[in-house]
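query_34.txt, holding compact mmCIF, C-alpha atoms (C1' of nucleotides):
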```
# COMPACT_ATOMS: atom_id res chain seq x y z
CA MET A 351 135.36 -34.08 15.95
CA SER A 352 133.29 -36.38 13.78
CA ASP A 353 132.45 -35.80 10.14
CA TYR A 354 128.87 -35.27 11.07
CA GLU A 355 129.68 -32.55 13.55
CA HIS A 356 131.80 -30.90 10.90
CA THR A 357 128.98 -30.77 8.41
CA CYS A 358 126.69 -29.27 11.02
CA MET A 359 129.12 -26.48 11.72
CA ILE A 360 129.70 -25.82 8.06
CA ARG A 361 126.00 -25.48 7.41
CA GLY A 362 125.41 -23.37 10.48
CA ASP A 363 124.15 -19.84 10.16
CA GLY A 364 127.28 -18.18 11.50
CA GLY A 365 128.90 -19.76 8.48
CA LYS A 366 128.99 -16.60 6.45
CA THR A 367 132.44 -15.70 7.68
CA LEU A 368 133.48 -19.31 7.33
CA ARG A 369 132.28 -19.38 3.75
CA ALA A 370 134.20 -16.22 2.97
CA ILE A 371 137.39 -17.71 4.36
CA LEU A 372 136.86 -21.05 2.65
CA ASP A 373 136.36 -19.15 -0.58
CA GLN A 374 139.64 -17.39 -0.15
CA ILE A 375 141.58 -20.54 0.65
CA CYS A 376 140.01 -22.45 -2.19
CA ASN A 377 140.66 -20.10 -5.04
CA LYS A 378 142.61 -20.71 -8.18
CA TRP A 379 146.10 -20.14 -6.81
CA THR A 380 146.17 -20.17 -3.01
CA LEU A 381 146.51 -23.91 -2.55
CA LEU A 382 149.23 -24.08 -5.19
CA ILE A 383 151.23 -21.31 -3.55
CA VAL A 384 150.88 -22.81 -0.10
CA ALA A 385 151.98 -26.17 -1.45
CA THR A 386 154.97 -24.59 -3.16
CA LEU A 387 156.03 -22.85 0.04
CA ASP A 388 155.99 -26.19 1.83
CA GLN A 389 159.68 -26.79 2.17
CA SER A 390 161.38 -23.45 2.60
CA ARG A 391 161.48 -19.75 1.92
CA VAL A 392 161.09 -18.93 -1.74
CA ARG A 393 161.75 -15.81 -3.77
CA PHE A 394 159.07 -14.10 -5.81
CA THR A 395 160.53 -15.03 -9.16
CA ASP A 396 161.18 -18.61 -8.10
CA LEU A 397 157.57 -18.94 -7.06
CA GLN A 398 156.52 -17.69 -10.45
CA HIS A 399 158.67 -20.30 -12.14
CA GLN A 400 157.51 -23.13 -9.92
CA ILE A 401 153.85 -22.37 -10.57
CA PRO A 402 153.61 -22.42 -14.35
CA GLY A 403 150.80 -20.32 -15.73
CA ILE A 404 150.45 -17.87 -12.87
CA SER A 405 150.65 -14.22 -13.83
CA GLN A 406 152.73 -11.72 -11.93
CA ARG A 407 149.60 -9.93 -10.93
CA MET A 408 147.86 -12.93 -9.44
CA LEU A 409 151.00 -14.06 -7.66
CA THR A 410 151.29 -10.65 -6.03
CA LEU A 411 147.62 -10.45 -5.14
CA THR A 412 147.43 -13.94 -3.71
CA LEU A 413 150.59 -13.47 -1.68
CA ARG A 414 149.23 -10.22 -0.25
CA ASN A 415 146.05 -11.95 0.81
CA LEU A 416 148.00 -14.77 2.42
CA GLU A 417 150.15 -12.22 4.20
CA ARG A 418 147.09 -10.31 5.32
CA ASP A 419 145.54 -13.48 6.72
CA GLY A 420 148.70 -14.33 8.61
CA LEU A 421 149.52 -17.44 6.62
CA VAL A 422 152.66 -16.16 4.93
CA ASP A 423 155.59 -14.03 6.06
CA ARG A 424 157.26 -11.60 3.68
CA THR A 425 160.90 -10.70 4.14
CA VAL A 426 162.50 -7.86 2.22
CA HIS A 427 166.29 -7.89 2.10
CA ALA A 428 167.92 -4.49 1.80
CA GLU A 429 170.05 -5.37 -1.19
CA VAL A 430 170.57 -4.37 -4.79
CA PRO A 431 169.01 -5.96 -6.71
CA PRO A 432 166.16 -6.39 -4.23
CA ARG A 433 165.42 -9.81 -2.80
CA VAL A 434 162.05 -10.72 -1.31
CA GLU A 435 161.37 -14.08 0.26
CA TYR A 436 158.12 -15.68 1.30
CA GLU A 437 157.60 -18.42 3.85
CA LEU A 438 154.73 -20.04 5.67
CA THR A 439 153.89 -18.93 9.18
CA PRO A 440 153.00 -21.65 11.72
CA THR A 441 149.34 -21.09 10.87
CA GLY A 442 150.19 -21.39 7.19
CA LYS A 443 151.98 -24.64 7.84
CA SER A 444 148.97 -25.99 9.67
CA LEU A 445 147.02 -25.55 6.45
CA LEU A 446 149.41 -27.80 4.60
CA PRO A 447 148.04 -31.22 5.61
CA PRO A 448 144.39 -30.57 4.71
CA ALA A 449 145.42 -28.70 1.56
CA LEU A 450 147.62 -31.53 0.42
CA ALA A 451 144.92 -34.04 1.30
CA LEU A 452 142.52 -32.29 -1.01
CA ALA A 453 145.12 -31.98 -3.73
CA GLY A 454 145.98 -35.64 -3.30
CA TRP A 455 142.35 -36.58 -3.68
CA ALA A 456 142.09 -34.58 -6.88
CA LEU A 457 145.25 -36.20 -8.16
CA GLN A 458 143.95 -39.68 -7.44
CA HIS A 459 140.62 -39.10 -9.10
CA VAL A 460 141.67 -37.24 -12.23
CA PRO A 461 141.26 -40.35 -14.43
CA HIS A 462 137.88 -41.24 -12.98
CA ILE A 463 136.57 -37.72 -13.32
CA GLU A 464 137.81 -37.34 -16.87
CA ALA A 465 136.20 -40.63 -17.84
CA SER A 466 132.97 -39.58 -16.21
CA ARG A 467 133.04 -36.30 -18.08
CA ALA A 468 133.65 -37.99 -21.40
CA ALA A 469 130.75 -40.37 -20.80
CA TYR A 470 128.53 -37.46 -19.83
CA GLU A 471 129.35 -35.51 -22.98
CA LYS A 472 128.68 -38.63 -25.03
CA ARG A 473 125.26 -39.04 -23.45
CA SER A 474 124.49 -35.39 -24.14
CA GLN A 475 125.46 -35.78 -27.77
CA ALA A 476 123.34 -38.91 -28.07
CA ALA A 477 120.38 -37.10 -26.56
CA ILE A 478 120.69 -34.38 -29.16
CA GLY A 479 121.28 -36.59 -32.19
CA MET B 238 152.62 -40.86 0.10
CA SER B 239 154.52 -38.15 1.96
CA ASP B 240 153.65 -34.48 1.98
CA TYR B 241 156.77 -33.75 0.00
CA GLU B 242 155.83 -36.18 -2.74
CA HIS B 243 152.42 -34.60 -2.87
CA THR B 244 153.81 -31.15 -3.44
CA CYS B 245 156.03 -32.45 -6.20
CA MET B 246 153.08 -33.96 -8.01
CA ILE B 247 150.98 -30.84 -7.54
CA ARG B 248 153.65 -28.66 -9.02
CA GLY B 249 154.37 -31.06 -11.86
CA ASP B 250 153.77 -30.04 -15.45
CA GLY B 251 150.93 -32.45 -16.11
CA GLY B 252 149.18 -30.46 -13.44
CA LYS B 253 147.05 -28.46 -15.83
CA THR B 254 144.25 -30.99 -15.67
CA LEU B 255 144.77 -31.30 -11.95
CA ARG B 256 144.51 -27.57 -11.53
CA ALA B 257 141.31 -27.49 -13.53
CA ILE B 258 139.76 -30.16 -11.32
CA LEU B 259 140.99 -28.55 -8.12
CA ASP B 260 139.44 -25.31 -9.33
CA GLN B 261 136.13 -26.97 -9.83
CA ILE B 262 136.10 -28.63 -6.43
CA CYS B 263 137.20 -25.44 -4.71
CA ASN B 264 134.61 -23.06 -6.02
CA LYS B 265 132.06 -21.11 -4.06
CA TRP B 266 129.43 -23.84 -3.62
CA THR B 267 130.80 -27.30 -4.38
CA LEU B 268 132.26 -28.06 -0.95
CA LEU B 269 129.09 -26.85 0.75
CA ILE B 270 126.88 -29.06 -1.40
CA VAL B 271 129.08 -32.10 -0.93
CA ALA B 272 129.11 -31.51 2.81
CA THR B 273 125.33 -31.17 2.85
CA LEU B 274 124.91 -34.44 0.95
CA ASP B 275 127.02 -36.18 3.57
CA GLN B 276 124.37 -38.11 5.38
CA SER B 277 121.70 -39.07 2.89
CA ARG B 278 119.80 -38.33 -0.28
CA VAL B 279 118.42 -34.82 -0.36
CA ARG B 280 115.80 -33.16 -2.50
CA PHE B 281 116.51 -30.10 -4.59
CA THR B 282 114.45 -27.73 -2.47
CA ASP B 283 115.81 -29.12 0.76
CA LEU B 284 119.33 -28.53 -0.48
CA GLN B 285 118.41 -24.96 -1.26
CA HIS B 286 117.12 -24.48 2.27
CA GLN B 287 120.10 -26.10 3.92
CA ILE B 288 122.55 -23.89 2.03
CA PRO B 289 121.39 -20.38 2.80
CA GLY B 290 122.31 -17.85 0.18
CA ILE B 291 122.60 -20.17 -2.79
CA SER B 292 120.50 -19.22 -5.78
CA GLN B 293 118.44 -21.73 -7.71
CA ARG B 294 120.64 -21.20 -10.70
CA MET B 295 123.91 -21.92 -8.93
CA LEU B 296 122.46 -24.92 -7.17
CA THR B 297 121.42 -26.38 -10.50
CA LEU B 298 124.71 -25.58 -12.21
CA THR B 299 126.86 -26.95 -9.43
CA LEU B 300 124.80 -30.10 -9.14
CA ARG B 301 125.09 -30.66 -12.89
CA ASN B 302 128.85 -30.31 -12.71
CA LEU B 303 129.03 -32.74 -9.81
CA GLU B 304 126.85 -35.17 -11.72
CA ARG B 305 128.99 -34.78 -14.81
CA ASP B 306 132.12 -35.50 -12.79
CA GLY B 307 130.58 -38.61 -11.30
CA LEU B 308 130.48 -37.31 -7.73
CA VAL B 309 126.70 -37.08 -7.39
CA ASP B 310 123.81 -39.26 -8.52
CA ARG B 311 120.52 -37.73 -9.58
CA THR B 312 117.31 -39.70 -9.16
CA VAL B 313 114.06 -38.54 -10.72
CA HIS B 314 110.91 -40.08 -9.29
CA ALA B 315 107.99 -40.38 -11.72
CA GLU B 316 105.50 -38.63 -9.48
CA VAL B 317 103.28 -35.61 -9.42
CA PRO B 318 104.50 -33.26 -8.11
CA PRO B 319 107.98 -34.27 -9.31
CA ARG B 320 110.59 -35.38 -6.79
CA VAL B 321 114.31 -35.31 -7.54
CA GLU B 322 116.88 -36.57 -5.09
CA TYR B 323 120.63 -36.15 -5.04
CA GLU B 324 123.17 -38.34 -3.32
CA LEU B 325 126.91 -38.79 -3.30
CA THR B 326 128.42 -41.57 -5.38
CA PRO B 327 131.24 -43.61 -3.79
CA THR B 328 133.72 -41.24 -5.43
CA GLY B 329 131.79 -38.31 -4.06
CA LYS B 330 131.89 -39.83 -0.61
CA SER B 331 135.63 -40.27 -0.87
CA LEU B 332 135.89 -36.51 -1.25
CA LEU B 333 134.16 -35.98 2.05
CA PRO B 334 137.11 -36.52 4.44
CA PRO B 335 139.55 -34.11 2.77
CA ALA B 336 136.78 -31.60 2.14
CA LEU B 337 135.70 -31.67 5.76
CA ALA B 338 139.32 -31.52 6.88
CA LEU B 339 139.76 -28.28 4.97
CA ALA B 340 136.48 -26.89 6.23
CA GLY B 341 137.47 -27.87 9.76
CA TRP B 342 140.77 -26.08 9.38
CA ALA B 343 138.99 -22.93 8.19
CA LEU B 344 136.58 -23.18 11.09
CA GLN B 345 139.39 -23.49 13.61
CA HIS B 346 141.33 -20.57 12.24
CA VAL B 347 138.54 -18.07 11.65
CA PRO B 348 139.43 -16.08 14.80
CA HIS B 349 143.14 -16.03 14.04
CA ILE B 350 142.61 -14.98 10.44
CA GLU B 351 140.14 -12.27 11.35
CA ALA B 352 142.53 -10.89 13.95
CA SER B 353 145.35 -10.94 11.45
CA ARG B 354 143.22 -9.11 8.92
CA ALA B 355 142.24 -6.46 11.42
CA ALA B 356 145.88 -5.90 12.36
CA TYR B 357 146.84 -5.70 8.70
CA GLU B 358 144.18 -3.10 7.94
CA LYS B 359 145.34 -1.11 10.94
CA ARG B 360 148.93 -1.15 9.70
CA SER B 361 147.77 -0.01 6.27
CA GLN B 362 145.80 2.85 7.79
CA ALA B 363 148.79 3.85 9.90
CA ALA B 364 151.01 3.81 6.83
CA ILE B 365 148.64 6.19 5.06
CA GLY B 366 147.98 8.51 7.97
C1' DC C 1469 164.08 -7.94 -9.14
C1' DG C 1470 159.69 -7.14 -7.26
C1' DG C 1471 155.51 -5.14 -7.86
C1' DG C 1472 152.06 -1.14 -8.54
C1' DA C 1473 148.62 0.84 -12.07
C1' DT C 1474 145.70 0.46 -15.81
C1' DC C 1475 142.94 -1.59 -19.35
C1' DC C 1476 140.23 -5.21 -21.10
C1' DA C 1477 138.08 -9.98 -21.78
C1' DA C 1478 135.94 -13.85 -19.72
C1' DT C 1479 133.13 -15.79 -16.43
C1' DA C 1480 130.70 -16.31 -12.28
C1' DC C 1481 126.86 -15.03 -10.09
C1' DG C 1482 122.17 -13.19 -8.72
C1' DA C 1483 117.47 -11.68 -9.97
C1' DT C 1484 113.69 -12.37 -12.53
C1' DA C 1485 110.45 -14.52 -15.50
C1' DC C 1486 108.72 -18.60 -17.53
C1' DT C 1487 107.63 -23.96 -18.00
C1' DG C 1488 106.26 -29.09 -17.62
C1' DC D 1151 108.56 -29.10 -7.46
C1' DA D 1152 112.40 -28.69 -10.17
C1' DG D 1153 114.10 -26.76 -13.18
C1' DT D 1154 115.41 -23.54 -18.01
C1' DA D 1155 116.22 -19.01 -20.27
C1' DT D 1156 117.67 -14.43 -20.29
C1' DC D 1157 119.64 -10.36 -18.61
C1' DG D 1158 122.72 -7.33 -16.06
C1' DT D 1159 126.31 -6.80 -12.78
C1' DA D 1160 130.37 -7.98 -10.19
C1' DT D 1161 134.38 -10.31 -9.87
C1' DT D 1162 138.45 -12.62 -11.74
C1' DG D 1163 142.38 -12.73 -14.16
C1' DG D 1164 145.63 -11.84 -18.06
C1' DA D 1165 148.43 -8.38 -20.75
C1' DT D 1166 150.96 -4.48 -20.75
C1' DC D 1167 153.45 -0.56 -19.15
C1' DC D 1168 156.01 1.65 -15.74
C1' DC D 1169 158.81 2.51 -11.59
C1' DG D 1170 162.32 2.22 -7.51
```
Target encoding structure tokens, full file:
Amino acid sequence: MSDYEHTCMIRGDGGKTLRAILDQICNKWTLLIVATLDQSRVRFTDLQHQIPGISQRMLTLTLRNLERDGLVDRTVHAEVPPRVEYELTPTGKSLLPPALALAGWALQHVPHIEASRAAYEKRSQAAIG
Amino acid sequence: MSDYEHTCMIRGDGGKTLRAILDQICNKWTLLIVATLDQSRVRFTDLQHQIPGISQRMLTLTLRNLERDGLVDRTVHAEVPPRVEYELTPTGKSLLPPALALAGWALQHVPHIEASRAAYEKRSQAAIG
DNA sequence: CGGGATCCAATACGATACTG
DNA sequence: CAGTATCGTATTGGATCCCG
């Protein structure tokens, strides 16, 4: 499918559901969690450590949403202390390439964007003064 | 760069700036606007029509952010009535492929995700009842 | 250890009214 | 036409406490 066809479908009217799903994929933590689950199954606490800054609450909520959408599998081991592991489903893994592509783009353009922001702020200041 | 290297860089500590930028790209309207600017320069009102559901306020705000980040150029024509056109900068255009890849993924998996959600709700109901 | 429940602050967003 | 300003609501997310 060409880029142009993509844009047409994105803009299409039926796109309300699509927008909702895009919103959910593109929130603050989803991409990070998916990226972190790339290699293997990971425990809850390990996830929390590997994603600095995420709160327990948001980790739980985001994982539940991913589970609900069939992108992540949750395995509870009947042990004491309890052990819960998360891993990507095949669908979840299929999200990896585009997700990493976007993240890679952001990574590449951080310097450019920061410079552009600085220049913009400077212009704003100049306009005021 | 391999997927694995990508994930390492995403998870890295310096990632606070990266996360902030990813957040901004992945908000409710940015991807839609970028996708809509794909082909050519578009006027403010036309953008509003091509992105059903966006409010004037959010269109303005998001466009300003994109301009600030150097992804969109704003051209004001000295006419009456005024005419303002927006177009992607080269950096903005470079965002197009990964953005469309993600949107394409979402599009492909809408049915699967909706089915998974329905099944999940059903399980939850069963657990309650 | 994993995570549910609650409270609270920040902010994102929409609706409306006004302007050059 | 292309915004800006203001207001009110809805959502997001962190902090904290508690529980099996």
- request: Do me a favour and pick out the residues of chain B within 9 Å of chain C, using only C-alpha atoms (C1' of nucleotides), as an MDAnalysis selection string.
  value: chainID B and resid 292 294:295
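Interface residues of chain B facing chain A, defined by any atom at most 6 Å away and using all atoms listed in the file, are Thr244, Asp260, Cys263, Lys265, Ala272, Arg305, Asp306, Gly307, Pro335, Ala338, Leu339, Ile350, Ser353, Arg354 and Tyr357 of chain B.
One finds CA of Arg280 in chain B at 18.3 Å from C1' of DT1154 in chain D.
Using only C-alpha atoms (C1' of nucleotides), one finds that the residues of chain B close to chain D, at 7 Å or less, are Pro318, Pro319 and Arg320 of chain B.
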- prompt: Between CA of Leu298 in chain B and CA of Ile404 in chain A, what is the spacing in Å?
  reply: 26.9 Å
task: Fewer than 5 positions away in the same chain doesn't count, so skip those; otherwise give me all residues within 10 Å of Asp423 in chain A, counting only C-alpha atoms (C1' of nucleotides), as a ChimeraX atom specification.
output: /A:391,413-414,416-418,435-440,442
statement: One residue among B:Ser361, B:Thr312, B:Thr299, B:Gln285 is nearest to Thr267 in chain B when using all atoms listed in the file, and that residue is B:Thr299
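If you look at CA of Ala315 in chain B and CA of Val279 in chain B, they are 16.4 Å away from each other.
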Using the structure block above, produce a file of range 390-427 of chain A that contains C-alpha atoms, as a CSV table (one decimal), in the first residue's frame.
```
chain,number,residue,atom,x,y,z
A,390,SER,CA,11.5,-11.8,26.4
A,391,ARG,CA,9.0,-12.2,29.2
A,392,VAL,CA,9.5,-9.7,31.9
A,393,ARG,CA,8.3,-9.5,35.5
A,394,PHE,CA,6.2,-6.6,36.8
A,395,THR,CA,8.9,-5.2,39.0
A,396,ASP,CA,11.6,-5.6,36.3
A,397,LEU,CA,9.4,-3.6,33.9
A,398,GLN,CA,9.1,-0.9,36.5
A,399,HIS,CA,12.9,-0.7,36.8
A,400,GLN,CA,13.5,-0.8,33.1
A,401,ILE,CA,11.1,2.1,32.5
A,402,PRO,CA,12.4,4.8,34.8
A,403,GLY,CA,9.7,7.3,35.8
A,404,ILE,CA,6.7,5.1,35.4
A,405,SER,CA,4.4,4.8,38.4
A,406,GLN,CA,3.1,1.5,39.6
A,407,ARG,CA,-0.4,2.7,38.7
A,408,MET,CA,0.3,3.6,35.1
A,409,LEU,CA,2.3,0.4,34.6
A,410,THR,CA,-0.7,-1.7,35.8
A,411,LEU,CA,-3.2,0.3,33.8
A,412,THR,CA,-1.2,0.2,30.6
A,413,LEU,CA,-0.5,-3.5,30.9
A,414,ARG,CA,-4.2,-4.2,31.5
A,415,ASN,CA,-5.1,-2.2,28.3
A,416,LEU,CA,-2.5,-4.1,26.3
A,417,GLU,CA,-3.8,-7.4,27.7
A,418,ARG,CA,-7.3,-6.3,26.9
A,419,ASP,CA,-6.3,-5.5,23.3
A,420,GLY,CA,-4.6,-8.8,22.9
A,421,LEU,CA,-1.1,-7.4,22.5
A,422,VAL,CA,0.3,-8.8,25.8
A,423,ASP,CA,0.0,-12.1,27.6
A,424,ARG,CA,0.0,-12.2,31.4
A,425,THR,CA,1.2,-15.3,33.2
A,426,VAL,CA,0.6,-15.7,36.9
A,427,HIS,CA,2.8,-18.3,38.6
```
